[in-house]
>>> print(open('protein31.csv').read())   # CSV, N, CA and C atoms
chain,number,residue,atom,x,y,z
A,24,MET,N,20.9,-32.2,381.7
A,24,MET,CA,20.5,-31.4,380.5
A,24,MET,C,19.0,-31.5,380.3
A,25,THR,N,18.5,-30.4,379.8
A,25,THR,CA,17.1,-30.3,379.5
A,25,THR,C,16.9,-30.1,378.0
A,26,THR,N,15.7,-30.3,377.5
A,26,THR,CA,15.4,-30.0,376.1
A,26,THR,C,14.2,-29.1,376.0
A,27,GLN,N,14.1,-28.4,374.9
A,27,GLN,CA,13.0,-27.5,374.6
A,27,GLN,C,12.5,-27.9,373.2
A,28,PRO,N,11.7,-28.9,373.1
A,28,PRO,CA,11.3,-29.3,371.7
A,28,PRO,C,10.5,-28.3,370.9
A,29,GLU,N,9.9,-27.3,371.6
A,29,GLU,CA,9.1,-26.4,370.8
A,29,GLU,C,10.0,-25.5,369.9
A,30,HIS,N,11.3,-25.6,370.0
A,30,HIS,CA,12.2,-24.8,369.1
A,30,HIS,C,12.6,-25.6,367.9
A,31,GLY,N,12.1,-26.8,367.7
A,31,GLY,CA,12.4,-27.6,366.5
A,31,GLY,C,13.7,-28.4,366.8
A,32,GLN,N,14.4,-28.8,365.8
A,32,GLN,CA,15.6,-29.6,365.9
A,32,GLN,C,16.7,-28.8,366.6
A,33,GLU,N,17.3,-29.5,367.6
A,33,GLU,CA,18.4,-28.9,368.3
A,33,GLU,C,19.6,-29.8,368.2
A,34,LEU,N,20.8,-29.3,368.1
A,34,LEU,CA,21.9,-30.1,367.9
A,34,LEU,C,22.3,-30.9,369.2
A,35,ILE,N,22.0,-30.3,370.3
A,35,ILE,CA,22.3,-31.0,371.6
A,35,ILE,C,21.2,-30.5,372.6
A,36,PRO,N,21.0,-31.3,373.7
A,36,PRO,CA,20.0,-30.7,374.7
A,36,PRO,C,20.6,-29.5,375.4
A,37,GLN,N,19.8,-28.7,375.9
A,37,GLN,CA,20.2,-27.5,376.6
A,37,GLN,C,21.0,-27.9,377.9
A,38,PRO,N,22.2,-27.4,378.1
A,38,PRO,CA,23.0,-27.8,379.3
A,38,PRO,C,22.5,-27.2,380.6
A,39,GLU,N,22.8,-27.8,381.7
A,39,GLU,CA,22.6,-27.2,383.0
A,39,GLU,C,23.3,-25.9,383.0
A,40,ARG,N,22.9,-25.1,384.0
A,40,ARG,CA,23.6,-23.7,384.1
A,40,ARG,C,24.8,-23.9,385.1
A,41,THR,N,25.8,-24.6,384.7
A,41,THR,CA,27.0,-24.7,385.4
A,41,THR,C,28.2,-24.5,384.5
A,42,PRO,N,29.3,-23.9,384.9
A,42,PRO,CA,30.4,-23.7,384.0
A,42,PRO,C,30.9,-25.0,383.3
A,43,ASP,N,31.0,-26.1,384.0
A,43,ASP,CA,31.4,-27.3,383.3
A,43,ASP,C,30.4,-27.8,382.3
A,44,ALA,N,29.1,-27.8,382.5
A,44,ALA,CA,28.1,-28.2,381.6
A,44,ALA,C,28.1,-27.3,380.3
A,45,VAL,N,28.2,-26.0,380.6
A,45,VAL,CA,28.2,-25.1,379.4
A,45,VAL,C,29.5,-25.3,378.6
A,46,ARG,N,30.6,-25.5,379.2
A,46,ARG,CA,31.9,-25.7,378.5
A,46,ARG,C,31.8,-27.0,377.7
A,47,VAL,N,31.3,-28.1,378.3
A,47,VAL,CA,31.2,-29.3,377.5
A,47,VAL,C,30.3,-29.2,376.3
A,48,ALA,N,29.2,-28.5,376.5
A,48,ALA,CA,28.2,-28.2,375.4
A,48,ALA,C,28.9,-27.4,374.3
A,49,LEU,N,29.6,-26.4,374.7
A,49,LEU,CA,30.3,-25.6,373.7
A,49,LEU,C,31.3,-26.4,372.9
A,50,ALA,N,32.0,-27.3,373.6
A,50,ALA,CA,33.0,-28.1,373.0
A,50,ALA,C,32.4,-29.0,372.0
A,51,ARG,N,31.2,-29.4,372.2
A,51,ARG,CA,30.5,-30.4,371.3
A,51,ARG,C,30.0,-29.6,370.0
A,52,ILE,N,29.5,-28.4,370.2
A,52,ILE,CA,28.8,-27.8,369.1
A,52,ILE,C,29.6,-26.6,368.4
A,53,ALA,N,30.6,-26.0,369.2
A,53,ALA,CA,31.3,-24.9,368.6
A,53,ALA,C,32.7,-24.9,369.3
A,54,PRO,N,33.5,-26.0,369.1
A,54,PRO,CA,34.8,-26.1,369.7
A,54,PRO,C,35.8,-24.9,369.4
A,55,HIS,N,35.6,-24.3,368.2
A,55,HIS,CA,36.4,-23.2,367.8
A,55,HIS,C,36.2,-22.0,368.7
A,56,ARG,N,35.2,-22.0,369.5
A,56,ARG,CA,34.9,-20.8,370.4
A,56,ARG,C,35.4,-21.0,371.8
A,57,LEU,N,36.0,-22.2,372.1
A,57,LEU,CA,36.5,-22.5,373.5
A,57,LEU,C,37.6,-21.5,373.9
A,58,GLY,N,38.5,-21.1,373.1
A,58,GLY,CA,39.5,-20.1,373.4
A,58,GLY,C,38.9,-18.8,373.8
A,59,GLU,N,37.9,-18.4,373.1
A,59,GLU,CA,37.2,-17.1,373.4
A,59,GLU,C,36.5,-17.2,374.7
A,60,MET,N,35.9,-18.3,375.0
A,60,MET,CA,35.2,-18.5,376.3
A,60,MET,C,36.2,-18.5,377.4
A,61,GLU,N,37.3,-19.1,377.2
A,61,GLU,CA,38.4,-19.1,378.3
A,61,GLU,C,38.9,-17.7,378.5
A,62,ARG,N,39.2,-17.0,377.5
A,62,ARG,CA,39.7,-15.6,377.6
A,62,ARG,C,38.7,-14.7,378.4
A,63,HIS,N,37.4,-14.9,378.0
A,63,HIS,CA,36.3,-14.1,378.7
A,63,HIS,C,36.3,-14.5,380.2
A,64,LYS,N,36.4,-15.8,380.5
A,64,LYS,CA,36.4,-16.3,381.9
A,64,LYS,C,37.5,-15.7,382.7
A,65,GLU,N,38.7,-15.6,382.1
A,65,GLU,CA,39.9,-15.0,382.8
A,65,GLU,C,39.6,-13.6,383.0
A,66,GLN,N,39.0,-12.9,382.1
A,66,GLN,CA,38.7,-11.4,382.3
A,66,GLN,C,37.7,-11.3,383.4
A,67,ALA,N,36.7,-12.1,383.4
A,67,ALA,CA,35.6,-12.1,384.5
A,67,ALA,C,36.2,-12.4,385.8
A,68,LEU,N,37.1,-13.4,385.9
A,68,LEU,CA,37.7,-13.7,387.1
A,68,LEU,C,38.6,-12.6,387.7
A,69,ALA,N,39.4,-12.0,386.8
A,69,ALA,CA,40.2,-10.9,387.2
A,69,ALA,C,39.4,-9.7,387.7
A,70,ALA,N,38.3,-9.4,387.0
A,70,ALA,CA,37.4,-8.3,387.5
A,70,ALA,C,36.8,-8.7,388.8
A,71,ALA,N,36.4,-9.9,389.0
A,71,ALA,CA,35.7,-10.3,390.3
A,71,ALA,C,36.7,-10.2,391.4
A,72,ILE,N,38.0,-10.6,391.2
A,72,ILE,CA,39.0,-10.5,392.2
A,72,ILE,C,39.3,-9.0,392.5
A,73,ALA,N,39.4,-8.2,391.4
A,73,ALA,CA,39.8,-6.8,391.6
A,73,ALA,C,38.7,-6.0,392.4
A,74,ASP,N,37.4,-6.3,392.2
A,74,ASP,CA,36.4,-5.5,393.0
A,74,ASP,C,35.6,-6.4,393.9
A,75,GLY,N,36.0,-7.6,394.1
A,75,GLY,CA,35.3,-8.5,395.1
A,75,GLY,C,33.9,-8.8,394.8
A,76,LYS,N,33.5,-8.8,393.6
A,76,LYS,CA,32.1,-9.0,393.3
A,76,LYS,C,31.9,-10.2,392.3
A,77,ILE,N,31.1,-11.2,392.7
A,77,ILE,CA,30.9,-12.4,392.0
A,77,ILE,C,30.1,-12.1,390.7
A,78,GLY,N,29.4,-11.0,390.6
A,78,GLY,CA,28.6,-10.7,389.5
A,78,GLY,C,29.3,-10.8,388.1
A,79,HIS,N,30.6,-10.6,388.1
A,79,HIS,CA,31.3,-10.7,386.8
A,79,HIS,C,31.3,-12.2,386.4
A,80,LEU,N,31.4,-13.1,387.3
A,80,LEU,CA,31.4,-14.5,386.9
A,80,LEU,C,30.0,-15.0,386.6
A,81,GLN,N,29.0,-14.4,387.3
A,81,GLN,CA,27.6,-14.7,386.9
A,81,GLN,C,27.3,-14.3,385.5
A,82,HIS,N,27.7,-13.1,385.2
A,82,HIS,CA,27.5,-12.5,383.9
A,82,HIS,C,28.2,-13.4,382.8
A,83,TRP,N,29.4,-13.8,383.1
A,83,TRP,CA,30.2,-14.7,382.2
A,83,TRP,C,29.4,-16.0,381.9
A,84,LEU,N,28.9,-16.6,383.0
A,84,LEU,CA,28.1,-17.9,382.8
A,84,LEU,C,26.8,-17.6,382.0
A,85,THR,N,26.1,-16.6,382.3
A,85,THR,CA,24.9,-16.3,381.6
A,85,THR,C,25.1,-16.0,380.2
A,86,TYR,N,26.2,-15.2,379.9
A,86,TYR,CA,26.5,-14.9,378.5
A,86,TYR,C,26.8,-16.2,377.7
A,87,TRP,N,27.6,-17.1,378.3
A,87,TRP,CA,28.0,-18.3,377.5
A,87,TRP,C,26.9,-19.3,377.5
A,88,HIS,N,26.1,-19.4,378.5
A,88,HIS,CA,24.9,-20.2,378.4
A,88,HIS,C,24.1,-19.8,377.2
A,89,ALA,N,23.9,-18.5,377.0
A,89,ALA,CA,23.1,-18.0,375.9
A,89,ALA,C,23.8,-18.2,374.6
A,90,GLN,N,25.1,-18.1,374.6
A,90,GLN,CA,25.9,-18.4,373.3
A,90,GLN,C,25.7,-19.9,372.9
A,91,VAL,N,25.7,-20.8,373.9
A,91,VAL,CA,25.5,-22.2,373.6
A,91,VAL,C,24.1,-22.4,373.1
A,92,GLU,N,23.1,-21.6,373.6
A,92,GLU,CA,21.7,-21.7,373.2
A,92,GLU,C,21.7,-21.3,371.7
A,93,ILE,N,22.3,-20.3,371.3
A,93,ILE,CA,22.4,-19.8,369.9
A,93,ILE,C,23.0,-20.9,369.0
A,94,GLU,N,24.1,-21.4,369.5
A,94,GLU,CA,24.9,-22.4,368.7
A,94,GLU,C,24.1,-23.8,368.6
A,95,ARG,N,23.4,-24.2,369.6
A,95,ARG,CA,22.8,-25.5,369.6
A,95,ARG,C,21.4,-25.5,368.8
A,96,ARG,N,20.9,-24.3,368.6
A,96,ARG,CA,19.6,-24.2,367.9
A,96,ARG,C,19.8,-23.7,366.5
A,97,PRO,N,19.6,-24.5,365.4
A,97,PRO,CA,19.9,-24.0,364.1
A,97,PRO,C,19.0,-22.8,363.7
A,98,ASP,N,17.8,-22.7,364.2
A,98,ASP,CA,17.0,-21.5,363.9
A,98,ASP,C,17.7,-20.2,364.4
A,99,LEU,N,18.2,-20.2,365.7
A,99,LEU,CA,18.8,-19.0,366.2
A,99,LEU,C,20.2,-18.8,365.5
A,100,SER,N,20.9,-19.9,365.3
A,100,SER,CA,22.2,-19.8,364.8
A,100,SER,C,22.2,-19.2,363.3
A,101,ALA,N,21.2,-19.6,362.5
A,101,ALA,CA,21.1,-19.1,361.2
A,101,ALA,C,20.8,-17.6,361.2
A,102,ARG,N,19.8,-17.2,362.1
A,102,ARG,CA,19.5,-15.8,362.2
A,102,ARG,C,20.7,-15.0,362.6
A,103,TYR,N,21.4,-15.5,363.6
A,103,TYR,CA,22.5,-14.8,364.2
A,103,TYR,C,23.6,-14.5,363.1
A,104,ARG,N,23.9,-15.6,362.4
A,104,ARG,CA,25.0,-15.5,361.3
A,104,ARG,C,24.6,-14.6,360.2
A,105,ARG,N,23.3,-14.6,359.8
A,105,ARG,CA,22.8,-13.7,358.7
A,105,ARG,C,22.9,-12.3,359.2
A,106,ALA,N,22.5,-12.0,360.4
A,106,ALA,CA,22.6,-10.7,360.9
A,106,ALA,C,24.0,-10.2,361.1
A,107,LEU,N,24.9,-11.1,361.5
A,107,LEU,CA,26.3,-10.7,361.7
A,107,LEU,C,26.9,-10.4,360.3
A,108,ALA,N,26.6,-11.2,359.3
A,108,ALA,CA,27.1,-11.0,357.9
A,108,ALA,C,26.6,-9.7,357.4
A,109,ALA,N,25.3,-9.3,357.7
A,109,ALA,CA,24.8,-8.0,357.2
A,109,ALA,C,25.5,-6.9,357.9
A,110,VAL,N,25.8,-7.0,359.2
A,110,VAL,CA,26.6,-5.9,359.9
A,110,VAL,C,28.0,-5.8,359.2
A,111,HIS,N,28.6,-6.9,359.0
A,111,HIS,CA,30.0,-6.8,358.5
A,111,HIS,C,30.1,-6.4,357.0
A,112,SER,N,29.0,-6.5,356.3
A,112,SER,CA,29.0,-6.1,354.9
A,112,SER,C,28.8,-4.6,354.7
A,113,THR,N,28.5,-3.9,355.7
A,113,THR,CA,28.3,-2.5,355.6
A,113,THR,C,29.6,-1.7,355.8
A,114,ASP,N,29.6,-0.5,355.3
A,114,ASP,CA,30.7,0.4,355.4
A,114,ASP,C,30.6,1.5,356.5
A,115,SER,N,29.3,1.6,357.0
A,115,SER,CA,29.1,2.6,358.0
A,115,SER,C,28.0,2.2,358.9
A,116,ARG,N,28.1,2.7,360.1
A,116,ARG,CA,27.0,2.4,361.1
A,116,ARG,C,25.7,3.2,360.8
A,117,ASP,N,25.8,4.1,359.9
A,117,ASP,CA,24.6,4.8,359.4
A,117,ASP,C,23.8,4.1,358.4
A,118,GLU,N,24.3,3.1,357.8
A,118,GLU,CA,23.6,2.3,356.8
A,118,GLU,C,22.4,1.6,357.4
A,119,PRO,N,21.3,1.6,356.7
A,119,PRO,CA,20.1,0.8,357.2
A,119,PRO,C,20.4,-0.7,357.5
A,120,ALA,N,21.2,-1.3,356.6
A,120,ALA,CA,21.6,-2.7,356.8
A,120,ALA,C,22.3,-2.9,358.1
A,121,PHE,N,23.2,-2.0,358.5
A,121,PHE,CA,23.9,-2.1,359.8
A,121,PHE,C,22.9,-2.0,360.9
A,122,ARG,N,22.0,-1.1,360.9
A,122,ARG,CA,21.1,-0.9,362.0
A,122,ARG,C,20.1,-2.1,362.1
A,123,THR,N,19.7,-2.6,360.9
A,123,THR,CA,18.8,-3.8,360.9
A,123,THR,C,19.5,-5.0,361.4
A,124,GLY,N,20.8,-5.2,361.0
A,124,GLY,CA,21.6,-6.3,361.5
A,124,GLY,C,21.8,-6.3,363.0
A,125,MET,N,22.1,-5.1,363.5
A,125,MET,CA,22.3,-5.0,364.9
A,125,MET,C,21.1,-5.2,365.7
A,126,THR,N,19.9,-4.8,365.2
A,126,THR,CA,18.7,-5.1,365.9
A,126,THR,C,18.4,-6.6,365.9
A,127,GLU,N,18.7,-7.3,364.8
A,127,GLU,CA,18.4,-8.7,364.8
A,127,GLU,C,19.4,-9.4,365.7
A,128,LEU,N,20.7,-9.0,365.8
A,128,LEU,CA,21.6,-9.6,366.7
A,128,LEU,C,21.1,-9.5,368.1
A,129,THR,N,20.7,-8.3,368.5
A,129,THR,CA,20.1,-8.0,369.8
A,129,THR,C,18.9,-8.9,370.1
A,130,THR,N,18.0,-9.0,369.1
A,130,THR,CA,16.8,-9.8,369.2
A,130,THR,C,17.2,-11.3,369.5
A,131,VAL,N,18.1,-11.8,368.7
A,131,VAL,CA,18.5,-13.2,368.8
A,131,VAL,C,19.1,-13.5,370.2
A,132,GLU,N,20.0,-12.6,370.6
A,132,GLU,CA,20.6,-12.7,371.9
A,132,GLU,C,19.6,-12.7,373.1
A,133,ALA,N,18.6,-11.8,372.9
A,133,ALA,CA,17.6,-11.7,374.0
A,133,ALA,C,16.7,-13.0,374.0
A,134,GLU,N,16.4,-13.5,372.8
A,134,GLU,CA,15.7,-14.8,372.8
A,134,GLU,C,16.5,-15.9,373.4
A,135,ALA,N,17.7,-16.0,373.2
A,135,ALA,CA,18.6,-17.0,373.8
A,135,ALA,C,18.6,-16.8,375.3
A,136,GLN,N,18.8,-15.5,375.8
A,136,GLN,CA,18.8,-15.2,377.2
A,136,GLN,C,17.5,-15.7,377.9
A,137,ARG,N,16.4,-15.4,377.2
A,137,ARG,CA,15.1,-15.9,377.8
A,137,ARG,C,15.0,-17.4,377.9
A,138,ALA,N,15.5,-18.1,376.8
A,138,ALA,CA,15.4,-19.5,376.8
A,138,ALA,C,16.3,-20.2,377.9
A,139,VAL,N,17.4,-19.6,378.2
A,139,VAL,CA,18.2,-20.2,379.3
A,139,VAL,C,17.8,-19.7,380.7
A,140,SER,N,17.0,-18.7,380.7
A,140,SER,CA,16.5,-18.2,382.0
A,140,SER,C,15.2,-18.8,382.4
A,141,ALA,N,14.5,-19.4,381.5
A,141,ALA,CA,13.2,-20.0,381.8
A,141,ALA,C,13.3,-21.3,382.7
>>> encode(input="protein31.csv", output="structure tokens")
Amino acid sequence: MTTQPEHGQELIPQPERTPDAVRVALARIAPHRLGEMERHKEQALAAAIADGKIGHLQHWLTYWHAQVEIERRPDLSARYRRALAAVHSTDSRDEPAFRTGMTELTTVEAEAQRAVSA
């Protein structure tokens, strides 16, 4: 596991980019999401088998590594949850709050992707 102290307080160190390490990290900081991770893995595995491409599994691992990054960093987690709440509090995709929330969700996910890709 590695750490990135420039992000402030982190709940756990950043895990290695392996399925086991990412799963263990998720179990420590967001165990309620393990079922979602497992369902997504089964979908990725089925897609990889169906078309013979490992890219589905690589995408799965990258996605969940970034999700762990969001969950382990209170700064990202708070921003993500606020944006998600803003999106869910709207009645229409045309509302400014919906668009702003979606932009922030995308920004947080991109920041997490960069952090795990560095």
>>> closest_atom_pairs(input="protein31.csv", of="stretch 31-86 of chain A", to="stretch 114-138 of chain A", cutoff="10 Å", atoms="only C-alpha atoms", output="tab-separated table")
residue	atom	partner	partner_atom	distance
A:Gln37	CA	A:Ala138	CA	9.3
A:Thr85	CA	A:Gln136	CA	7.6
A:Tyr86	CA	A:Gln136	CA	7.8
>>> write_last_selection(input="protein31.csv", atoms="N, CA and C atoms", output="tab-separated table (two decimals), keeping the file's coordinate frame")
chain	number	residue	atom	x	y	z
A	37	GLN	N	19.80	-28.70	375.90
A	37	GLN	CA	20.20	-27.50	376.60
A	37	GLN	C	21.00	-27.90	377.90
A	85	THR	N	26.10	-16.60	382.30
A	85	THR	CA	24.90	-16.30	381.60
A	85	THR	C	25.10	-16.00	380.20
A	86	TYR	N	26.20	-15.20	379.90
A	86	TYR	CA	26.50	-14.90	378.50
A	86	TYR	C	26.80	-16.20	377.70
>>> atom_distance(input="protein31.csv", atom1="atom C of A:Leu84", atom2="atom C of A:Glu39")
9.1 Å
>>> atom_distance(input="protein31.csv", atom1="atom CA of A:Lys64", atom2="atom CA of A:Leu49")
13.8 Å
>>> atom_distance(input="protein31.csv", atom1="atom C of A:Pro97", atom2="atom N of A:Leu34")
8.1 Å
>>> closest_residue(input="protein31.csv", among="A:Arg95, A:His82, A:His88, A:Arg56", to="A:Pro36", atoms="only N, CA and C atoms")
A:Arg95
>>> select_by_dssp(input="protein31.csv", residues="chain A", states="alpha helix (DSSP H)", output="PyMOL selection string")
chain A and resi 42-52+57-74+78-95+97-111+119-140
>>> closest_residue(input="protein31.csv", among="A:Val91, A:Ala101, A:Ala141, A:Ala108", to="A:Ala53", atoms="only N, CA and C atoms")
A:Val91
>>> closest_residue(input="protein31.csv", among="A:Ile35, A:Leu107, A:Val139, A:Ala67", to="A:Ala48", atoms="only N, CA and C atoms")
A:Ile35
